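Text of work11.cif, listed as mmCIF, C-alpha atoms and all ligand atoms:
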data_query
#
loop_
_atom_site.label_atom_id
_atom_site.label_comp_id
_atom_site.auth_asym_id
_atom_site.auth_seq_id
_atom_site.Cartn_x
_atom_site.Cartn_y
_atom_site.Cartn_z
CA MET A 1 -23.25 2.97 1.08
CA ILE A 2 -24.88 -0.39 1.67
CA VAL A 3 -26.59 -1.70 -1.47
CA THR A 4 -28.31 -4.95 -2.28
CA THR A 5 -26.23 -7.93 -3.26
CA ALA A 6 -28.44 -8.19 -6.36
CA GLN A 7 -27.32 -4.69 -7.49
CA LEU A 8 -23.68 -5.69 -7.15
CA PHE A 9 -24.22 -8.98 -8.97
CA LYS A 10 -26.02 -7.27 -11.86
CA HIS A 11 -23.03 -5.00 -12.47
CA ALA A 12 -20.39 -7.71 -12.06
CA TYR A 13 -21.88 -10.78 -13.75
CA GLY A 14 -19.62 -12.27 -16.42
CA LYS A 15 -17.11 -9.39 -16.18
CA TYR A 16 -15.54 -9.58 -12.73
CA ALA A 17 -16.04 -11.15 -9.31
CA LEU A 18 -16.83 -9.35 -6.09
CA GLY A 19 -14.47 -10.11 -3.25
CA ALA A 20 -16.50 -11.39 -0.30
CA TYR A 21 -14.35 -10.86 2.77
CA ASN A 22 -15.13 -12.15 6.27
CA ILE A 23 -14.70 -9.77 9.15
CA ASN A 24 -14.76 -10.24 12.93
CA ASN A 25 -13.44 -6.99 14.38
CA ALA A 26 -12.74 -3.30 13.89
CA GLU A 27 -9.18 -3.77 12.57
CA GLN A 28 -10.38 -6.07 9.79
CA ALA A 29 -13.18 -3.62 8.95
CA MET A 30 -10.72 -0.70 8.71
CA GLY A 31 -8.30 -2.66 6.52
CA LEU A 32 -11.10 -3.91 4.28
CA PHE A 33 -12.61 -0.47 3.68
CA LYS A 34 -9.19 1.16 3.17
CA GLY A 35 -8.16 -1.50 0.65
CA ALA A 36 -11.48 -1.30 -1.18
CA ILE A 37 -11.26 2.49 -1.47
CA SER A 38 -7.63 2.53 -2.58
CA SER A 39 -8.43 -0.04 -5.29
CA LYS A 40 -11.77 1.66 -6.14
CA ALA A 41 -13.66 -1.60 -5.78
CA PRO A 42 -17.15 -2.56 -4.63
CA PHE A 43 -17.16 -5.51 -2.21
CA ILE A 44 -19.18 -7.78 0.02
CA ILE A 45 -18.65 -7.98 3.78
CA GLN A 46 -19.42 -11.41 5.12
CA ILE A 47 -20.30 -12.22 8.68
CA SER A 48 -20.27 -15.83 9.84
CA LYS A 49 -22.22 -17.21 12.77
CA GLY A 50 -18.95 -17.42 14.68
CA ALA A 51 -18.16 -13.79 13.87
CA ARG A 52 -21.57 -12.68 15.15
CA SER A 53 -20.95 -14.34 18.51
CA TYR A 54 -17.22 -13.45 18.79
CA THR A 55 -18.04 -10.16 20.50
CA ASP A 56 -21.73 -9.50 19.94
CA LYS A 57 -23.70 -9.33 16.70
CA ARG A 58 -24.67 -5.72 17.51
CA MET A 59 -21.01 -4.80 17.92
CA LEU A 60 -20.14 -6.06 14.44
CA GLU A 61 -23.13 -4.34 12.87
CA ALA A 62 -22.17 -1.08 14.61
CA ILE A 63 -18.57 -1.41 13.38
CA ILE A 64 -19.78 -1.87 9.80
CA ARG A 65 -22.19 1.08 10.06
CA ALA A 66 -19.38 3.24 11.43
CA ALA A 67 -17.01 2.12 8.65
CA GLY A 68 -19.68 3.10 6.11
CA GLU A 69 -19.71 6.60 7.63
CA ILE A 70 -15.91 6.88 7.80
CA PHE A 71 -15.66 5.81 4.13
CA PRO A 72 -18.79 7.35 2.54
CA GLU A 73 -17.56 6.61 -0.99
CA ALA A 74 -17.57 2.82 -0.37
CA ILE A 75 -20.25 0.71 -2.07
CA PHE A 76 -20.79 -2.67 -0.45
CA ALA A 77 -23.28 -5.33 0.59
CA VAL A 78 -23.55 -7.10 3.95
CA HIS A 79 -24.00 -10.86 3.80
CA LEU A 80 -24.50 -13.71 6.28
CA ASP A 81 -21.92 -16.44 5.54
CA HIS A 82 -22.86 -20.12 6.05
CA GLY A 83 -26.09 -19.51 7.90
CA ASP A 84 -28.31 -22.15 9.44
CA GLU A 85 -32.06 -21.60 9.21
CA ALA A 86 -32.45 -19.83 12.58
CA THR A 87 -29.51 -17.47 11.93
CA CYS A 88 -30.88 -16.66 8.47
CA TYR A 89 -34.21 -15.57 9.98
CA ASP A 90 -32.41 -13.52 12.61
CA CYS A 91 -30.43 -11.69 9.91
CA ILE A 92 -33.44 -11.30 7.60
CA ASN A 93 -35.37 -9.68 10.47
CA SER A 94 -32.45 -7.49 11.60
CA GLY A 95 -32.98 -5.10 8.69
CA PHE A 96 -29.22 -4.80 8.29
CA PHE A 97 -28.33 -7.57 5.84
CA SER A 98 -28.35 -7.31 2.05
CA SER A 99 -28.34 -11.10 1.65
CA VAL A 100 -28.07 -14.33 3.58
CA MET A 101 -26.54 -17.69 2.83
CA ILE A 102 -28.48 -20.76 3.87
CA ASP A 103 -26.05 -23.64 3.94
CA ALA A 104 -27.96 -26.90 3.99
CA SER A 105 -25.43 -28.53 1.68
CA HIS A 106 -24.72 -31.24 4.25
CA ASP A 107 -28.36 -32.36 4.10
CA PRO A 108 -29.74 -34.68 1.40
CA PHE A 109 -30.87 -32.99 -1.86
CA GLU A 110 -34.61 -32.91 -1.06
CA LYS A 111 -34.06 -31.61 2.47
CA ASN A 112 -31.62 -28.97 1.20
CA ILE A 113 -34.36 -27.83 -1.24
CA GLU A 114 -37.01 -27.78 1.50
CA ILE A 115 -34.91 -25.71 3.94
CA THR A 116 -33.59 -23.36 1.25
CA LYS A 117 -37.09 -22.72 -0.11
CA ARG A 118 -38.37 -21.74 3.35
CA VAL A 119 -35.50 -19.26 3.78
CA VAL A 120 -36.00 -17.88 0.25
CA ASP A 121 -39.70 -17.22 0.93
CA ALA A 122 -38.91 -15.39 4.18
CA ALA A 123 -36.03 -13.40 2.66
CA HIS A 124 -37.84 -12.39 -0.53
CA ALA A 125 -40.76 -11.10 1.54
CA LYS A 126 -38.28 -8.54 2.91
CA GLY A 127 -36.41 -7.84 -0.35
CA ILE A 128 -33.31 -9.78 0.71
CA SER A 129 -31.58 -12.22 -1.59
CA VAL A 130 -30.43 -15.73 -0.76
CA GLU A 131 -27.28 -17.68 -1.56
CA ALA A 132 -27.68 -21.44 -1.25
CA GLU A 133 -25.14 -24.24 -1.56
CA LEU A 134 -25.17 -27.50 -3.46
CA GLY A 135 -22.29 -29.97 -3.36
CA MET A 136 -19.82 -30.25 -0.51
CA LEU A 137 -16.52 -28.46 -0.06
CA GLY A 138 -13.80 -30.07 2.00
CA GLY A 139 -12.32 -28.49 5.12
CA VAL A 140 -13.88 -26.89 8.20
CA GLU A 141 -16.58 -24.25 8.26
CA GLU A 142 -18.38 -23.22 11.42
CA ASP A 143 -18.73 -26.46 13.39
CA ILE A 144 -18.83 -28.83 10.41
CA LYS A 145 -15.77 -30.69 9.16
CA VAL A 146 -15.81 -32.52 5.83
CA GLU A 147 -13.09 -35.16 5.73
CA ASP A 148 -10.91 -35.70 2.64
CA GLY A 149 -12.68 -37.90 0.13
CA HIS A 150 -16.16 -36.88 1.34
CA ALA A 151 -16.25 -33.58 -0.50
CA THR A 152 -18.50 -33.78 -3.58
CA LEU A 153 -18.48 -31.54 -6.62
CA THR A 154 -21.75 -29.88 -7.62
CA ASN A 155 -23.77 -31.88 -10.14
CA PRO A 156 -24.81 -29.46 -12.95
CA VAL A 157 -28.13 -31.24 -13.62
CA GLU A 158 -29.04 -31.05 -9.94
CA ALA A 159 -27.89 -27.42 -9.80
CA GLU A 160 -30.45 -26.45 -12.46
CA GLU A 161 -33.26 -28.31 -10.69
CA PHE A 162 -32.20 -26.89 -7.29
CA VAL A 163 -32.27 -23.28 -8.48
CA LYS A 164 -35.65 -23.71 -10.21
CA ARG A 165 -37.28 -25.38 -7.23
CA THR A 166 -35.87 -23.13 -4.48
CA GLY A 167 -35.93 -19.74 -6.23
CA CYS A 168 -32.54 -18.91 -4.65
CA ASP A 169 -30.67 -15.91 -6.08
CA SER A 170 -27.15 -17.32 -6.24
CA LEU A 171 -25.57 -20.71 -5.83
CA ALA A 172 -22.38 -21.73 -4.07
CA CYS A 173 -20.91 -24.56 -6.11
CA ALA A 174 -18.26 -27.05 -5.10
CA ILE A 175 -15.72 -26.92 -7.93
CA GLY A 176 -12.63 -28.28 -6.20
CA THR A 177 -11.87 -25.76 -3.45
CA SER A 178 -12.13 -26.27 0.29
CA HIS A 179 -12.11 -24.02 3.33
CA GLY A 180 -8.95 -23.26 5.28
CA ALA A 181 -5.24 -23.35 4.47
CA PHE A 182 -4.85 -26.93 3.22
CA LYS A 183 -6.86 -27.09 0.03
CA PHE A 184 -4.97 -29.28 -2.38
CA LYS A 185 -2.68 -32.27 -2.15
CA GLY A 186 -1.60 -32.58 -5.80
CA LYS A 187 -1.86 -30.17 -8.71
CA GLN A 188 -4.07 -27.27 -7.81
CA SER A 189 -6.77 -26.25 -10.23
CA LEU A 190 -10.45 -25.46 -10.25
CA HIS A 191 -12.81 -27.82 -12.07
CA PHE A 192 -13.57 -25.49 -14.98
CA ASP A 193 -15.28 -28.36 -16.81
CA VAL A 194 -17.92 -28.56 -14.05
CA LEU A 195 -18.25 -24.78 -13.95
CA GLU A 196 -18.84 -24.63 -17.71
CA LYS A 197 -21.60 -27.23 -17.45
CA ILE A 198 -23.28 -25.36 -14.58
CA LYS A 199 -23.12 -22.09 -16.52
CA ALA A 200 -24.59 -23.74 -19.62
CA ARG A 201 -27.59 -24.87 -17.55
CA LEU A 202 -27.91 -21.64 -15.57
CA PRO A 203 -26.94 -18.84 -17.98
CA GLY A 204 -26.87 -15.41 -16.33
CA PHE A 205 -27.24 -16.89 -12.84
CA PRO A 206 -24.64 -15.75 -10.28
CA LEU A 207 -22.44 -18.52 -8.92
CA VAL A 208 -20.33 -18.31 -5.77
CA MET A 209 -16.95 -19.81 -5.02
CA HIS A 210 -16.18 -20.58 -1.39
CA GLY A 211 -12.77 -21.63 -0.11
CA SER A 212 -11.02 -19.21 -2.46
CA SER A 213 -8.02 -18.12 -0.39
CA SER A 214 -4.71 -18.43 -2.20
CA VAL A 215 -2.68 -19.23 0.96
CA PRO A 216 0.43 -17.37 -0.28
CA LYS A 217 3.61 -19.36 0.26
CA ASP A 218 5.65 -16.32 1.29
CA GLU A 219 3.05 -15.47 3.93
CA VAL A 220 3.15 -18.98 5.38
CA ASP A 221 6.98 -19.01 5.23
CA ARG A 222 7.11 -15.73 7.17
CA ILE A 223 4.67 -17.07 9.78
CA ASN A 224 6.75 -20.22 10.19
CA ALA A 225 9.99 -18.22 10.37
CA ALA A 226 8.44 -16.26 13.23
CA GLY A 227 7.51 -19.34 15.24
CA GLY A 228 4.46 -20.71 13.39
CA LYS A 229 3.98 -24.34 12.46
CA ILE A 230 1.78 -24.35 9.36
CA LYS A 231 2.65 -27.38 7.24
CA ASP A 232 1.53 -28.57 3.78
CA SER A 233 -0.64 -25.55 3.06
CA ALA A 234 -1.93 -24.90 -0.46
CA GLY A 235 -4.49 -22.48 -1.89
CA VAL A 236 -6.29 -21.46 -5.06
CA ASP A 237 -4.22 -20.12 -7.97
CA VAL A 238 -5.09 -16.41 -8.08
CA ASN A 239 -4.81 -16.48 -11.87
CA GLU A 240 -7.94 -18.64 -11.91
CA TYR A 241 -10.17 -15.99 -10.29
CA LEU A 242 -10.91 -14.04 -13.48
CA PRO A 243 -11.45 -17.07 -15.75
CA ALA A 244 -13.93 -18.31 -13.12
CA ALA A 245 -15.61 -14.89 -13.04
CA ARG A 246 -16.09 -15.02 -16.81
CA LEU A 247 -17.90 -18.34 -16.32
CA GLY A 248 -20.43 -16.79 -13.94
CA VAL A 249 -18.62 -16.87 -10.60
CA THR A 250 -19.74 -13.46 -9.32
CA LYS A 251 -18.72 -13.75 -5.65
CA ILE A 252 -15.40 -15.11 -4.45
CA ASN A 253 -15.07 -15.82 -0.70
CA ILE A 254 -11.77 -15.06 0.99
CA ASP A 255 -11.22 -15.41 4.73
CA THR A 256 -8.19 -17.60 5.49
CA ASP A 257 -5.77 -15.30 3.63
CA GLY A 258 -6.77 -12.39 5.89
CA ARG A 259 -6.16 -14.53 8.97
CA LEU A 260 -2.70 -15.34 7.62
CA VAL A 261 -1.93 -11.62 7.24
CA TRP A 262 -3.00 -11.09 10.87
CA THR A 263 -0.89 -14.01 12.12
CA ARG A 264 2.20 -12.94 10.17
CA VAL A 265 2.01 -9.32 11.37
CA HIS A 266 1.52 -10.24 15.01
CA ARG A 267 4.05 -13.09 15.13
CA GLU A 268 6.73 -10.95 13.49
CA PHE A 269 5.94 -7.94 15.67
CA PHE A 270 6.24 -9.75 18.99
CA ARG A 271 9.22 -11.81 17.80
CA ASP A 272 11.07 -8.58 17.02
CA LYS A 273 9.83 -6.69 20.08
CA PRO A 274 9.51 -9.33 22.80
CA SER A 275 9.25 -6.81 25.60
CA ASP A 276 6.32 -4.89 24.00
CA PHE A 277 2.74 -5.44 25.13
CA ASP A 278 0.76 -2.57 23.57
CA PHE A 279 -1.42 -4.21 20.94
CA ARG A 280 -2.07 -0.99 19.02
CA PRO A 281 1.23 -0.80 17.09
CA PRO A 282 0.81 -4.29 15.55
CA GLY A 283 -2.91 -3.55 15.11
CA LYS A 284 -2.04 -0.49 13.03
CA ILE A 285 0.44 -2.49 10.95
CA PHE A 286 -2.22 -5.14 10.42
CA ILE A 287 -4.76 -2.58 9.18
CA GLU A 288 -2.28 -1.29 6.57
CA GLU A 289 -1.14 -4.77 5.52
CA TYR A 290 -4.71 -6.04 5.26
CA ALA A 291 -5.65 -2.99 3.18
CA LYS A 292 -2.79 -3.79 0.79
CA PHE A 293 -3.88 -7.42 0.63
CA ILE A 294 -7.52 -6.47 -0.14
CA ALA A 295 -6.43 -4.07 -2.89
CA SER A 296 -4.21 -6.75 -4.45
CA ARG A 297 -7.07 -9.27 -4.43
CA ASN A 298 -9.51 -6.80 -5.94
CA VAL A 299 -7.09 -6.32 -8.85
CA LEU A 300 -6.97 -10.08 -9.42
CA LEU A 301 -10.77 -10.39 -9.15
CA GLY A 302 -11.28 -7.59 -11.67
CA SER A 303 -13.36 -5.55 -9.18
CA ALA A 304 -10.64 -2.91 -8.82
CA GLY A 305 -11.54 0.26 -10.71
CA GLN A 306 -15.27 -0.64 -11.00
CA LEU A 307 -16.52 1.66 -8.24
CA GLU A 308 -17.37 4.76 -10.30
CA ASP A 309 -18.98 2.83 -13.15
CA LEU A 310 -21.09 1.00 -10.58
CA ARG A 311 -22.02 4.28 -8.87
CA ALA A 312 -23.13 5.73 -12.21
CA SER A 313 -25.15 2.63 -13.05
CA LEU A 314 -26.93 2.76 -9.67
CA LYS A 315 -28.14 6.29 -10.44
CA LYS A 316 -29.80 5.26 -13.73
O1 LIG B 1 -16.24 -20.60 5.65
C1 LIG B 1 -16.06 -20.16 6.75
C2 LIG B 1 -15.44 -18.83 6.96
O2 LIG B 1 -14.07 -18.88 6.74
C3 LIG B 1 -15.81 -18.28 8.30
O3 LIG B 1 -15.10 -18.92 9.30
O4 LIG B 1 -16.92 -19.72 10.80
O5 LIG B 1 -14.55 -19.54 11.62
O6 LIG B 1 -15.90 -17.47 11.18
P1 LIG B 1 -15.66 -18.90 10.84
P1 LIG B 2 -11.16 -19.61 2.65
O1 LIG B 2 -11.01 -20.51 3.85
O2 LIG B 2 -10.50 -20.20 1.45
O3 LIG B 2 -10.72 -18.23 2.90
O4 LIG B 2 -12.74 -19.56 2.31
C1 LIG B 2 -13.58 -18.67 2.97
C2 LIG B 2 -15.01 -18.95 2.71
O5 LIG B 2 -15.41 -19.70 1.85
C3 LIG B 2 -15.98 -18.22 3.55
O6 LIG B 2 -17.30 -18.62 3.31
ZN ZN B 3 -17.43 -20.71 2.80
#
Starting from the file, give its structure as structure tokens.
Amino acid sequence: MIVTTAQLFKHAYGKYALGAYNINNAEQAMGLFKGAISSKAPFIIQISKGARSYTDKRMLEAIIRAAGEIFPEAIFAVHLDHGDEATCYDCINSGFFSSVMIDASHDPFEKNIEITKRVVDAAHAKGISVEAELGMLGGVEEDIKVEDGHATLTNPVEAEEFVKRTGCDSLACAIGTSHGAFKFKGKQSLHFDVLEKIKARLPGFPLVMHGSSSVPKDEVDRINAAGGKIKDSAGVDVNEYLPAARLGVTKINIDTDGRLVWTRVHREFFRDKPSDFDFRPPGKIFIEEYAKFIASRNVLLGSAGQLEDLRASLKK
């Protein structure tokens, strides 16, 4: 059942974080739904601009609709990840999305406010909520690359002003993470001090953490042992998910880790069976492995086991 992102946030705020998982194809959708059901967790499906054009945006929407029918007990929201203004309007008008993200974080503060406010007005007119971003994460997202040293943490004073002036419904904050598999050079930790200050200024307001993959070392080691060349990778400490959730981080974005599961499964499969060329056997393994990964993350996020309580609260 597709619900609004606002309904999910209301149930989760301050207690647990919703896993927001990016999908691009049917195998990821199957693994995601299976893992969410086995861990009894609500979740958010995210679709990036790149994902919408990978096959066709209608294909992805149809896959998600079908998954919702195959797993009728699932409760989830559908969200546009890192949208530009035009893509936000397209998703708002599609009637399929629960929420959109307008990412104007690379623009100056005033311009970010201006663009975000326009998207908020259009989205709210259709009952859709809006995630905005303030501050700059490092790494690559869509076609934008932020070089090391140019990432900037979210300023809590600006965050309060930004939310008041734009009317956005949630805010992606830069608190030390970055997109991709190479997040940290030294000690890895989130900036809880910044998060505390943002929460103090925006009590009860849902915050979002991007770049939250943990980049498991054993996964990367297995990929490299099967012919990969991923060097110097580092991710978020999974033990920091729940403390962040208690400080208002209600949505935690995970994409890279799923790509690593895919790469490990397929590299190992074709290393061990070099004469095979049917893609369905590794595809089936991937679905099961991704489902296990999703369930494990939902436990760490605290969303595992929340499904029935959420269902009951939605009926009230
Ligand atoms: O933050 C970006 C997400 O990982 C989506 O990546 O734009 O390559 O689909 P993508
Ligand atoms: P990761 O690259 O850490 O998985 O982050 C994904 C993300 O933030 C999607 O918006
Ligand atoms: Zn992101």
Select from chain A every residue with an atom at most 7 Å from any atom of ligand LIG 1 (chain B), then for each give the shortest pair of atoms and their distance in Å to one decimal, using all atoms listed in the file, rows by chain and rising number, as a Markdown table.
| residue | atom | partner | partner_atom | distance |
| --- | --- | --- | --- | --- |
| A:Asn22 | CA | B:LIG1 | C3 | 6.5 |
| A:Ser48 | CA | B:LIG1 | O6 | 4.9 |
| A:Lys49 | CA | B:LIG1 | O4 | 6.2 |
| A:Gly50 | CA | B:LIG1 | O6 | 4.6 |
| A:Ala51 | CA | B:LIG1 | O6 | 5.1 |
| A:Asp81 | CA | B:LIG1 | C3 | 7.0 |
| A:His82 | CA | B:LIG1 | O1 | 6.6 |
| A:Glu141 | CA | B:LIG1 | C1 | 4.4 |
| A:Glu142 | CA | B:LIG1 | O4 | 3.8 |
| A:His179 | CA | B:LIG1 | O1 | 5.8 |
| A:Gly180 | CA | B:LIG1 | O2 | 6.9 |
| A:Gly211 | CA | B:LIG1 | O1 | 6.8 |
| A:Asp255 | CA | B:LIG1 | O2 | 4.9 |
| A:Thr256 | CA | B:LIG1 | O2 | 6.1 |
Counting all atoms listed in the file, which residues of chain A fall within 9 Å of ligand LIG 2 (chain B), and what is the closest atom pair for each with its distance in Å at one decimal, ordered by chain and rising number, as JSON lines?
{"residue": "A:Ala20", "atom": "CA", "partner": "B:LIG2", "partner_atom": "C3", "distance": 7.9}
{"residue": "A:Tyr21", "atom": "CA", "partner": "B:LIG2", "partner_atom": "C3", "distance": 7.6}
{"residue": "A:Asn22", "atom": "CA", "partner": "B:LIG2", "partner_atom": "C3", "distance": 6.7}
{"residue": "A:Gln46", "atom": "CA", "partner": "B:LIG2", "partner_atom": "O6", "distance": 7.7}
{"residue": "A:Ile47", "atom": "CA", "partner": "B:LIG2", "partner_atom": "O6", "distance": 8.9}
{"residue": "A:Ser48", "atom": "CA", "partner": "B:LIG2", "partner_atom": "O6", "distance": 7.7}
{"residue": "A:Asp81", "atom": "CA", "partner": "B:LIG2", "partner_atom": "O6", "distance": 5.6}
{"residue": "A:His82", "atom": "CA", "partner": "B:LIG2", "partner_atom": "O6", "distance": 6.4}
{"residue": "A:Gly139", "atom": "CA", "partner": "B:LIG2", "partner_atom": "O1", "distance": 8.2}
{"residue": "A:Val140", "atom": "CA", "partner": "B:LIG2", "partner_atom": "O1", "distance": 8.2}
{"residue": "A:Glu141", "atom": "CA", "partner": "B:LIG2", "partner_atom": "O6", "distance": 7.5}
{"residue": "A:Thr177", "atom": "CA", "partner": "B:LIG2", "partner_atom": "O2", "distance": 7.5}
{"residue": "A:Ser178", "atom": "CA", "partner": "B:LIG2", "partner_atom": "O2", "distance": 6.4}
{"residue": "A:His179", "atom": "CA", "partner": "B:LIG2", "partner_atom": "O1", "distance": 3.7}
{"residue": "A:Gly180", "atom": "CA", "partner": "B:LIG2", "partner_atom": "O1", "distance": 3.7}
{"residue": "A:Ala181", "atom": "CA", "partner": "B:LIG2", "partner_atom": "O1", "distance": 6.5}
{"residue": "A:Phe182", "atom": "CA", "partner": "B:LIG2", "partner_atom": "O1", "distance": 8.9}
{"residue": "A:Lys183", "atom": "CA", "partner": "B:LIG2", "partner_atom": "O2", "distance": 7.9}
{"residue": "A:Met209", "atom": "CA", "partner": "B:LIG2", "partner_atom": "O5", "distance": 7.0}
{"residue": "A:His210", "atom": "CA", "partner": "B:LIG2", "partner_atom": "O5", "distance": 3.4}
{"residue": "A:Gly211", "atom": "CA", "partner": "B:LIG2", "partner_atom": "O2", "distance": 3.1}
{"residue": "A:Ser212", "atom": "CA", "partner": "B:LIG2", "partner_atom": "O2", "distance": 4.1}
{"residue": "A:Ser213", "atom": "CA", "partner": "B:LIG2", "partner_atom": "O2", "distance": 3.7}
{"residue": "A:Ser214", "atom": "CA", "partner": "B:LIG2", "partner_atom": "O2", "distance": 7.1}
{"residue": "A:Val215", "atom": "CA", "partner": "B:LIG2", "partner_atom": "O2", "distance": 7.9}
{"residue": "A:Gly235", "atom": "CA", "partner": "B:LIG2", "partner_atom": "O2", "distance": 7.2}
{"residue": "A:Val236", "atom": "CA", "partner": "B:LIG2", "partner_atom": "O2", "distance": 7.9}
{"residue": "A:Ile252", "atom": "CA", "partner": "B:LIG2", "partner_atom": "O5", "distance": 7.8}
{"residue": "A:Asn253", "atom": "CA", "partner": "B:LIG2", "partner_atom": "C2", "distance": 4.6}
{"residue": "A:Ile254", "atom": "CA", "partner": "B:LIG2", "partner_atom": "O3", "distance": 3.8}
{"residue": "A:Asp255", "atom": "CA", "partner": "B:LIG2", "partner_atom": "O3", "distance": 3.4}
{"residue": "A:Thr256", "atom": "CA", "partner": "B:LIG2", "partner_atom": "O3", "distance": 3.7}
{"residue": "A:Asp257", "atom": "CA", "partner": "B:LIG2", "partner_atom": "O3", "distance": 5.8}
{"residue": "A:Gly258", "atom": "CA", "partner": "B:LIG2", "partner_atom": "O3", "distance": 7.7}
{"residue": "A:Arg259", "atom": "CA", "partner": "B:LIG2", "partner_atom": "O3", "distance": 8.4}
Long-range neighbours of Met30 (chain A) as a VMD selection string, 12 Å cut-off, all atoms listed in the file, 6 positions minimum in chain: chain A and resid 23 to 24 36 to 37 45 63 to 71 74 283 to 292 294
Close residues, Asn239 (chain A) itself excluded, 9 Å, only C-alpha atoms, min 3 positions apart in chain, as a count of residues only: 5
Spatial neighbours of Ala159 (chain A), max dist 9 Å, all atoms listed in the file, sep filter under 4 positions, as a PyMOL selection string: chain A and resi 134-135+154-155+163-164+171+173+198+201-202
Test item: residues at most 12 Å from Leu310 (chain A), all atoms listed in the file, excluding those fewer than 3 positions along its chain, as a list of chain:residue names: A:Val3, A:Gln7, A:Leu8, A:Phe9, A:Lys10, A:His11, A:Ala12, A:Lys40, A:Ala41, A:Pro42, A:Phe43, A:Glu73, A:Ala74, A:Ile75, A:Phe76, A:Ser303, A:Ala304, A:Gly305, A:Gln306, A:Leu307, A:Ser313, A:Leu314, A:Lys315, A:Lys316
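Residue nearest Trp262 (chain A), chosen from A:Tyr89, A:Phe192, A:Phe293, A:Phe33 and counting only C-alpha atoms: A:Phe293.
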For CA of Pro274 (chain A) and CA of Leu260 (chain A), the interatomic separation in Å (one decimal): 20.4 Å
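Atom pair CA of Met1 (chain A) / CA of Glu85 (chain A) has a distance of 27.3 Å (rounded to one decimal).
Nearest-residue note for Ala225 (chain A): choosing from A:Glu161, A:Glu268, A:Glu308, A:Glu61, the minimum distance belongs to A:Glu268, counting all atoms listed in the file.
Closest approach to Leu190 (chain A) among A:Ser170, A:Lys251, A:Lys126, A:Ile175 is made by A:Ile175 (distances from only C-alpha atoms).
Closest approach to Arg222 (chain A) among A:Ser275, A:Ser105, A:Thr152, A:Thr263 is made by A:Thr263 (distances from only C-alpha atoms).
Between ligand ZN 3 (chain B) and the candidates A:Gln28, A:Phe96, A:Leu137, A:Asp121, the tightest atom-to-atom separation, counting all atoms listed in the file, involves A:Leu137.
If all atoms listed in the file are the atoms counted, then among A:Asp221, A:Glu114, A:Glu133, A:Asp232 the closest residue to ligand ZN 3 (chain B) is A:Glu133.
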Neighbour residues at most 12 Å from (11.9, -12.4, 15.9) (only C-alpha atoms) as JSON, numbers by chain: {"A": [222, 223, 224, 225, 226, 227, 228, 264, 265, 266, 267, 268, 269, 270, 271, 272, 273, 274, 275]}
File dump, residues just selected, C-alpha atoms, as a tab-separated table (two decimals), keeping the file's coordinate frame:
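The result, written out as part_28.tsv:
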chain	number	residue	atom	x	y	z
A	222	ARG	CA	7.11	-15.73	7.17
A	223	ILE	CA	4.67	-17.07	9.78
A	224	ASN	CA	6.75	-20.22	10.19
A	225	ALA	CA	9.99	-18.22	10.37
A	226	ALA	CA	8.44	-16.26	13.23
A	227	GLY	CA	7.51	-19.34	15.24
A	228	GLY	CA	4.46	-20.71	13.39
A	264	ARG	CA	2.20	-12.94	10.17
A	265	VAL	CA	2.01	-9.32	11.37
A	266	HIS	CA	1.52	-10.24	15.01
A	267	ARG	CA	4.05	-13.09	15.13
A	268	GLU	CA	6.73	-10.95	13.49
A	269	PHE	CA	5.94	-7.94	15.67
A	270	PHE	CA	6.24	-9.75	18.99
A	271	ARG	CA	9.22	-11.81	17.80
A	272	ASP	CA	11.07	-8.58	17.02
A	273	LYS	CA	9.83	-6.69	20.08
A	274	PRO	CA	9.51	-9.33	22.80
A	275	SER	CA	9.25	-6.81	25.60
Straight-line distance linking CA of Ser233 (chain A) with CA of Pro216 (chain A), stated in Å to one decimal: 8.9 Å
